[in-house]
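This is model_0.txt (compact mmCIF, C-alpha atoms).
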```
# COMPACT_ATOMS: atom_id res chain seq x y z
CA MET A 740 -145.37 202.67 29.15
CA LEU A 741 -142.10 204.42 28.31
CA SER A 742 -142.22 208.19 28.70
CA ASN A 743 -140.16 208.73 25.53
CA PRO A 744 -139.87 205.64 23.31
CA ILE A 745 -137.56 205.66 20.27
CA ASN A 746 -139.19 207.74 17.52
CA SER A 747 -140.05 205.68 14.45
CA ALA A 748 -138.89 208.59 12.25
CA PHE A 749 -135.29 207.62 13.04
CA ASP A 750 -133.95 204.92 10.74
CA ASP A 751 -134.24 201.56 12.50
CA ARG A 752 -131.43 200.17 10.32
CA LEU A 753 -128.98 202.20 12.40
CA PRO A 754 -127.46 201.05 15.68
CA LEU A 755 -129.66 201.94 18.62
CA TYR A 756 -127.12 204.37 20.08
CA ALA A 757 -127.04 206.29 16.76
CA ARG A 758 -130.83 206.66 16.76
CA LEU A 759 -130.66 207.84 20.36
CA ARG A 760 -128.01 210.39 19.35
CA ASP A 761 -130.33 211.80 16.67
CA GLN A 762 -133.34 211.95 18.95
CA LEU A 763 -131.41 213.67 21.76
CA ALA A 764 -129.86 216.12 19.28
CA SER A 765 -133.35 216.94 18.01
CA ARG A 766 -134.50 217.70 21.56
CA ILE A 767 -131.54 220.07 21.99
CA ALA A 768 -132.34 221.81 18.70
CA LYS A 769 -135.97 222.27 19.74
CA GLY A 770 -134.78 224.07 22.88
CA GLU A 771 -135.94 221.49 25.38
CA TRP A 772 -132.54 221.92 27.05
CA ALA A 773 -131.05 225.41 26.80
CA PRO A 774 -127.34 226.26 26.58
CA GLY A 775 -125.76 225.58 29.95
CA ASP A 776 -128.61 223.34 31.14
CA MET A 777 -127.75 220.04 32.76
CA ILE A 778 -129.53 217.19 31.01
CA PRO A 779 -130.93 214.18 32.90
CA SER A 780 -128.46 211.53 34.00
CA GLU A 781 -127.64 208.66 31.65
CA ASN A 782 -129.47 206.30 34.04
CA ARG A 783 -132.60 208.43 33.91
CA LEU A 784 -132.44 208.82 30.13
CA ALA A 785 -131.88 205.08 29.71
CA GLU A 786 -134.99 204.43 31.79
CA GLU A 787 -136.94 207.05 29.83
CA TYR A 788 -136.12 205.36 26.51
CA GLY A 789 -136.13 201.81 27.80
CA VAL A 790 -132.55 201.05 26.76
CA ALA A 791 -129.44 199.77 28.52
CA VAL A 792 -127.33 202.36 30.34
CA ALA A 793 -124.33 201.34 28.23
CA THR A 794 -126.26 202.12 25.04
CA MET A 795 -127.31 205.55 26.33
CA ARG A 796 -123.72 206.18 27.42
CA MET A 797 -122.55 205.60 23.81
CA ALA A 798 -125.14 208.06 22.47
CA LEU A 799 -124.10 210.73 24.98
CA LYS A 800 -120.42 210.07 24.21
CA GLN A 801 -121.05 210.75 20.51
CA LEU A 802 -122.87 214.01 21.29
CA SER A 803 -119.99 215.04 23.55
CA GLU A 804 -117.42 214.26 20.86
CA GLU A 805 -119.40 216.37 18.39
CA GLY A 806 -119.38 219.29 20.80
CA LEU A 807 -123.10 219.32 21.54
CA LEU A 808 -122.69 218.23 25.15
CA GLU A 809 -120.07 218.80 27.82
CA ARG A 810 -119.41 216.31 30.59
CA ARG A 811 -118.23 217.76 33.92
CA ARG A 812 -116.66 215.27 36.27
CA GLY A 813 -118.63 214.89 39.48
CA THR A 814 -121.38 217.25 38.29
CA GLY A 815 -123.21 215.98 35.23
CA THR A 816 -123.65 216.50 31.49
CA PHE A 817 -124.54 219.94 30.11
CA VAL A 818 -125.59 221.49 26.80
CA LYS A 819 -122.37 223.12 25.72
CA ARG A 820 -121.85 226.88 25.49
CA PRO A 821 -121.46 229.03 23.41
CA ALA A 822 -122.30 227.02 20.32
CA PHE A 823 -126.00 226.76 21.04
CA ARG A 824 -127.57 230.15 20.53
CA ALA A 825 -131.09 229.56 19.26
CA ASP A 826 -130.53 231.71 16.16
CA LEU A 827 -127.94 229.23 14.90
CA PHE A 828 -130.66 226.61 14.51
CA ARG A 829 -132.91 228.58 12.19
CA PHE A 830 -131.20 227.19 9.08
CA PHE A 831 -131.77 223.55 9.98
CA HIS A 832 -135.24 222.22 9.22
CA VAL A 833 -135.83 218.72 7.98
CA MET A 834 -138.97 216.80 7.12
CA ASP A 835 -139.23 213.60 9.09
CA MET A 836 -140.67 210.37 7.75
CA GLU A 837 -144.14 211.45 8.84
CA GLY A 838 -143.91 214.73 6.93
CA ASN A 839 -143.37 217.00 9.94
CA ASP A 840 -140.80 219.78 10.02
CA GLN A 841 -138.48 219.64 13.00
CA PRO A 842 -135.45 221.63 14.12
CA MET A 843 -132.36 219.50 13.91
CA ILE A 844 -128.62 219.44 14.46
CA PRO A 845 -127.30 217.32 11.59
CA GLU A 846 -124.07 215.40 11.83
CA SER A 847 -121.22 217.20 10.09
CA ARG A 848 -118.18 215.72 8.37
CA ILE A 849 -115.53 217.96 6.83
CA ILE A 850 -114.17 216.17 3.77
CA SER A 851 -111.52 218.71 2.74
CA CYS A 852 -110.25 222.18 3.67
CA GLU A 853 -107.71 223.95 1.49
CA VAL A 854 -106.49 227.30 0.23
CA THR A 855 -107.43 227.81 -3.42
CA GLU A 856 -108.12 230.52 -5.99
CA ALA A 857 -111.63 231.94 -5.65
CA PRO A 858 -113.89 231.13 -8.65
CA ALA A 859 -115.44 234.01 -10.55
CA ASP A 860 -118.90 233.64 -8.99
CA VAL A 861 -117.37 233.67 -5.51
CA LEU A 862 -115.33 236.80 -6.29
CA ALA A 863 -118.50 238.46 -7.59
CA ALA A 864 -120.36 237.56 -4.41
CA PHE A 865 -117.51 238.89 -2.27
CA GLY A 866 -117.40 242.07 -4.36
CA ASP A 867 -113.70 241.60 -5.12
CA PRO A 868 -112.80 242.48 -8.74
CA ALA A 869 -109.30 240.96 -8.66
CA LYS A 870 -108.45 237.28 -8.33
CA SER A 871 -107.51 236.29 -4.83
CA PRO A 872 -107.11 233.09 -2.77
CA CYS A 873 -109.77 231.85 -0.38
CA ILE A 874 -110.51 228.90 1.87
CA ARG A 875 -112.58 226.15 0.29
CA LEU A 876 -114.28 223.48 2.40
CA GLU A 877 -116.24 220.42 1.38
CA ARG A 878 -118.66 219.05 3.93
CA ILE A 879 -121.28 216.31 4.09
CA ARG A 880 -124.21 216.60 6.49
CA LEU A 881 -126.14 213.56 7.65
CA TRP A 882 -129.35 212.88 9.50
CA SER A 883 -130.09 209.48 11.01
CA GLY A 884 -126.99 208.23 9.24
CA GLU A 885 -128.33 209.19 5.80
CA PRO A 886 -126.58 211.83 3.62
CA LEU A 887 -128.68 214.98 3.48
CA LEU A 888 -126.44 217.72 2.04
CA PHE A 889 -123.14 218.02 0.21
CA GLU A 890 -121.73 221.53 0.69
CA GLU A 891 -118.97 223.64 -0.86
CA LEU A 892 -118.05 226.66 1.26
CA TYR A 893 -115.79 229.55 0.27
CA LEU A 894 -114.42 231.88 2.96
CA ARG A 895 -112.43 235.08 2.67
CA LEU A 896 -108.72 235.34 3.25
CA PRO A 897 -106.98 236.71 5.25
CA ASP A 898 -110.07 236.64 7.54
CA PHE A 899 -109.75 232.88 8.03
CA ASN A 900 -105.99 232.38 7.96
CA GLY A 901 -105.20 229.07 9.66
CA LEU A 902 -108.67 227.54 9.33
CA GLU A 903 -107.22 224.65 7.35
CA LYS A 904 -105.17 223.66 10.43
CA ILE A 905 -108.18 223.24 12.74
CA ASN A 906 -109.10 219.76 13.92
CA PHE A 907 -112.74 219.70 12.81
CA LYS A 908 -113.32 216.36 14.53
CA THR A 909 -113.37 218.20 17.85
CA SER A 910 -115.00 221.46 16.75
CA GLY A 911 -118.64 220.34 16.79
CA PRO A 912 -121.23 220.11 14.00
CA LEU A 913 -121.70 223.88 13.47
CA LEU A 914 -119.13 226.14 11.78
CA TYR A 915 -120.45 229.57 12.79
CA PRO A 916 -119.43 229.13 16.45
CA VAL A 917 -115.93 228.22 15.19
CA PHE A 918 -115.86 231.41 13.12
CA LEU A 919 -116.75 233.43 16.20
CA ASP A 920 -114.60 231.64 18.77
CA GLN A 921 -111.46 231.21 16.65
CA PHE A 922 -111.57 234.23 14.34
CA GLY A 923 -113.87 236.75 16.02
CA ILE A 924 -116.20 236.75 13.00
CA LEU A 925 -119.94 236.84 13.69
CA ILE A 926 -122.41 235.69 11.04
CA SER A 927 -125.54 237.74 11.71
CA SER A 928 -127.57 237.23 8.53
CA ALA A 929 -127.76 234.98 5.50
CA THR A 930 -129.63 234.85 2.22
CA ASP A 931 -130.49 231.42 0.86
CA GLU A 932 -131.60 230.89 -2.73
CA LEU A 933 -133.24 227.58 -3.58
CA SER A 934 -133.26 226.09 -7.07
CA PHE A 935 -132.92 222.68 -8.66
CA GLY A 936 -130.11 221.29 -10.75
CA LEU A 937 -128.07 218.17 -11.44
CA ALA A 938 -125.62 216.47 -9.12
CA THR A 939 -121.94 216.91 -9.86
CA ASP A 940 -119.62 213.91 -9.77
CA GLN A 941 -118.58 214.92 -6.24
CA SER A 942 -122.05 215.60 -4.83
CA ALA A 943 -123.46 212.43 -6.42
CA LYS A 944 -120.70 210.42 -4.75
CA TYR A 945 -121.35 211.74 -1.25
CA LEU A 946 -125.14 211.87 -1.55
CA GLU A 947 -125.11 208.28 -2.85
CA LEU A 948 -126.98 209.23 -6.02
CA PRO A 949 -126.43 208.28 -9.66
CA GLN A 950 -124.36 210.85 -11.56
CA GLY A 951 -126.48 213.59 -13.07
CA SER A 952 -129.40 212.99 -10.67
CA PRO A 953 -131.71 215.92 -9.90
CA VAL A 954 -130.77 217.70 -6.68
CA ALA A 955 -131.98 220.66 -4.67
CA VAL A 956 -129.44 223.48 -4.86
CA ILE A 957 -129.17 225.96 -2.01
CA GLN A 958 -126.84 228.91 -2.52
CA ARG A 959 -126.07 231.01 0.54
CA LEU A 960 -124.45 234.37 1.11
CA ALA A 961 -123.68 234.87 4.80
CA ARG A 962 -122.86 238.33 6.16
CA ASN A 963 -121.37 239.94 9.23
CA PRO A 964 -123.25 242.67 11.17
CA ILE A 965 -122.14 245.44 8.77
CA GLY A 966 -123.38 243.51 5.73
CA ARG A 967 -120.02 242.30 4.38
CA VAL A 968 -120.29 238.92 2.65
CA ILE A 969 -118.14 236.48 4.63
CA GLU A 970 -119.19 233.13 3.20
CA PHE A 971 -120.34 231.82 -0.16
CA ARG A 972 -121.90 228.38 0.09
CA ARG A 973 -123.41 226.03 -2.47
CA ALA A 974 -125.18 222.92 -1.20
CA HIS A 975 -126.64 219.99 -3.10
CA GLY A 976 -129.34 218.00 -1.35
CA ARG A 977 -131.44 214.95 -1.98
CA PRO A 978 -134.64 216.47 -3.46
CA GLU A 979 -137.06 214.20 -1.61
CA ARG A 980 -135.96 215.82 1.67
CA PHE A 981 -136.84 219.38 0.59
CA ARG A 982 -140.04 221.34 0.32
CA TYR A 983 -140.93 225.02 0.09
CA ARG A 984 -143.64 226.55 2.25
CA VAL A 985 -144.79 230.15 2.57
CA THR A 986 -147.68 231.58 4.57
CA LEU A 987 -149.47 234.67 3.26
CA GLY A 988 -151.83 236.90 5.19
CA GLU A 989 -152.55 237.05 8.88
CA GLN A 990 -152.64 233.95 11.03
CA PRO A 991 -155.42 233.30 13.53
CA ASN A 992 -154.57 233.78 17.19
```

Here is the file; what I need is its structure written in the form of structure tokens.
Amino acid sequence: MLSNPINSAFDDRLPLYARLRDQLASRIAKGEWAPGDMIPSENRLAEEYGVAVATMRMALKQLSEEGLLERRRGTGTFVKRPAFRADLFRFFHVMDMEGNDQPMIPESRIISCEVTEAPADVLAAFGDPAKSPCIRLERIRLWSGEPLLFEELYLRLPDFNGLEKINFKTSGPLLYPVFLDQFGILISSATDELSFGLATDQSAKYLELPQGSPVAVIQRLARNPIGRVIEFRRAHGRPERFRYRVTLGEQPN
């Protein structure tokens, strides 16, 4: 019997290496391998999952290209530093096909990044009374090859001067490590507000939904350690992938 067969929660319509990528990324997010840890060899992982070494090599290559893993010649493959502090994972929880919550590292694709005038609601969130330019990003996040979130992010200028010149294809799936490494800006807290609304033309396109479909709407204000709002984010998500859960009272030991 295989020690870790392919999880049925990962879409079997996808190529095998893509499903392996998702399952390995989920293990990283759960903390099975900590930042700086060397993961098992591709031969050992291939044996563990019962797949060809070439297939496992493709999955590991994708994770390396996304910045989740780092290959060191003659040594092995390691969970990359510094992008993988555990607190960066607390925002990523998805319900799998069996209804279980699991930490995850979704795929990330930056669609656009440009300097633009900040909308009124963004200026209000930033606490800036006068009109001013900002950085606007559009991003799609995927899990098991399926679109999960369409995001609009607004970032302060001049804090992020030059962000639009970064090659996001090599920066990894998380933006907060980029903010810290490239701009010295630490995101230490965030407030998320969940509501429901209708898909815009843009979010419907990237979420593969009919125009005007109901969507979950998550609005985030992210702050630095002194409480200054650094990021305004609005995300639209497929509603069947979201649920709200709160626990009241004391839990049994």

Show me a table, sorted first by chain and then by increasing residue number, of the residues of range 838-954 of chain A having an atom at most 9 Å from range 807-813 of chain A, each with its shortest atom pair and the distance in Å to one decimal, counting all atoms listed in the file and written as a Markdown table.
```
| residue | atom | partner | partner_atom | distance |
| --- | --- | --- | --- | --- |
| A:Ile844 | CA | A:Leu807 | CA | 9.0 |
| A:Gly911 | CA | A:Leu807 | CA | 6.6 |
| A:Pro912 | CA | A:Leu807 | CA | 7.8 |
```

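The coordinates place CA of Ser883 in chain A at 15.0 Å from CA of Gly976 in chain A.
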
Might you pull out every residue within 7 Å of range 851-858 of chain A, with only C-alpha atoms counted and same-chain residues fewer than 5 positions away left off, and present them as a PDB file with C-alpha atoms, in the coordinates of the input?
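Saved result, result-v2.pdb, follows:
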```
ATOM      1  CA  LYS A 870    -108.450 237.280  -8.330  1.00  0.00           C
ATOM      2  CA  SER A 871    -107.510 236.290  -4.830  1.00  0.00           C
ATOM      3  CA  PRO A 872    -107.110 233.090  -2.770  1.00  0.00           C
ATOM      4  CA  CYS A 873    -109.770 231.850  -0.380  1.00  0.00           C
ATOM      5  CA  ILE A 874    -110.510 228.900   1.870  1.00  0.00           C
ATOM      6  CA  ARG A 875    -112.580 226.150   0.290  1.00  0.00           C
ATOM      7  CA  LEU A 876    -114.280 223.480   2.400  1.00  0.00           C
ATOM      8  CA  GLU A 877    -116.240 220.420   1.380  1.00  0.00           C
ATOM      9  CA  GLU A 903    -107.220 224.650   7.350  1.00  0.00           C
TER      10      GLU A 903
END
```

- Item | Spatial neighbours of range 915-928 of chain A, 7 Å, only C-alpha atoms, chain gap at least 6 places, as an MDAnalysis selection string | chainID A and resid 822 899 961:964

- Go ahead and compute the interatomic distance for CA of Gln950 in chain A and CA of Asp860 in chain A, in Å to one decimal.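 Between these atoms lies a distance of 23.6 Å.
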
- Message: When you count all atoms listed in the file, which of these residues is closest to Thr814 in chain A: A:Ala757, A:Ala791, A:Leu799, A:Ile778?
- Response: A:Ile778

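One finds CA of Leu888 in chain A at 17.5 Å from CA of Phe907 in chain A.
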
- Task: Do a neighbour search on Met777 in chain A at 9 Å with all atoms listed in the file, toss out local chain neighbours closer than 6 positions, and write the hits as a PyMOL selection string.
- Result: chain A and resi 814-818

- With distances taken over only C-alpha atoms, which of A:Asp940, A:Phe935, A:Gly789, A:Leu946 is nearest to Arg880 in chain A?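 Looking at the shortest contact to Arg880 in chain A, the residue is A:Leu946.
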
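Within a radius of 10 Å around (-118.1, 236.8, -4.9), the polymer residues are A:Ala857, A:Pro858, A:Ala859, A:Asp860, A:Val861, A:Leu862, A:Ala863, A:Ala864, A:Phe865, A:Gly866, A:Asp867, A:Pro868, A:Tyr893, A:Leu894, A:Arg895, A:Leu960, A:Val968, A:Ile969, A:Glu970, A:Phe971, counting all atoms listed in the file.
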
- Item | Distance criterion (all atoms listed in the file): nearest to Thr930 in chain A out of A:Gly901, A:Arg972, A:Val954, A:Thr909 |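 Looking at the shortest contact to Thr930 in chain A, the residue is A:Arg972.
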
- Task: Counting all atoms listed in the file, figure out which residue out of A:Glu932, A:Glu804, A:Glu947, A:Glu787 gets nearest to Leu881 in chain A.
- Result: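 Answer, going by the shortest atom-to-atom distance: A:Glu947.
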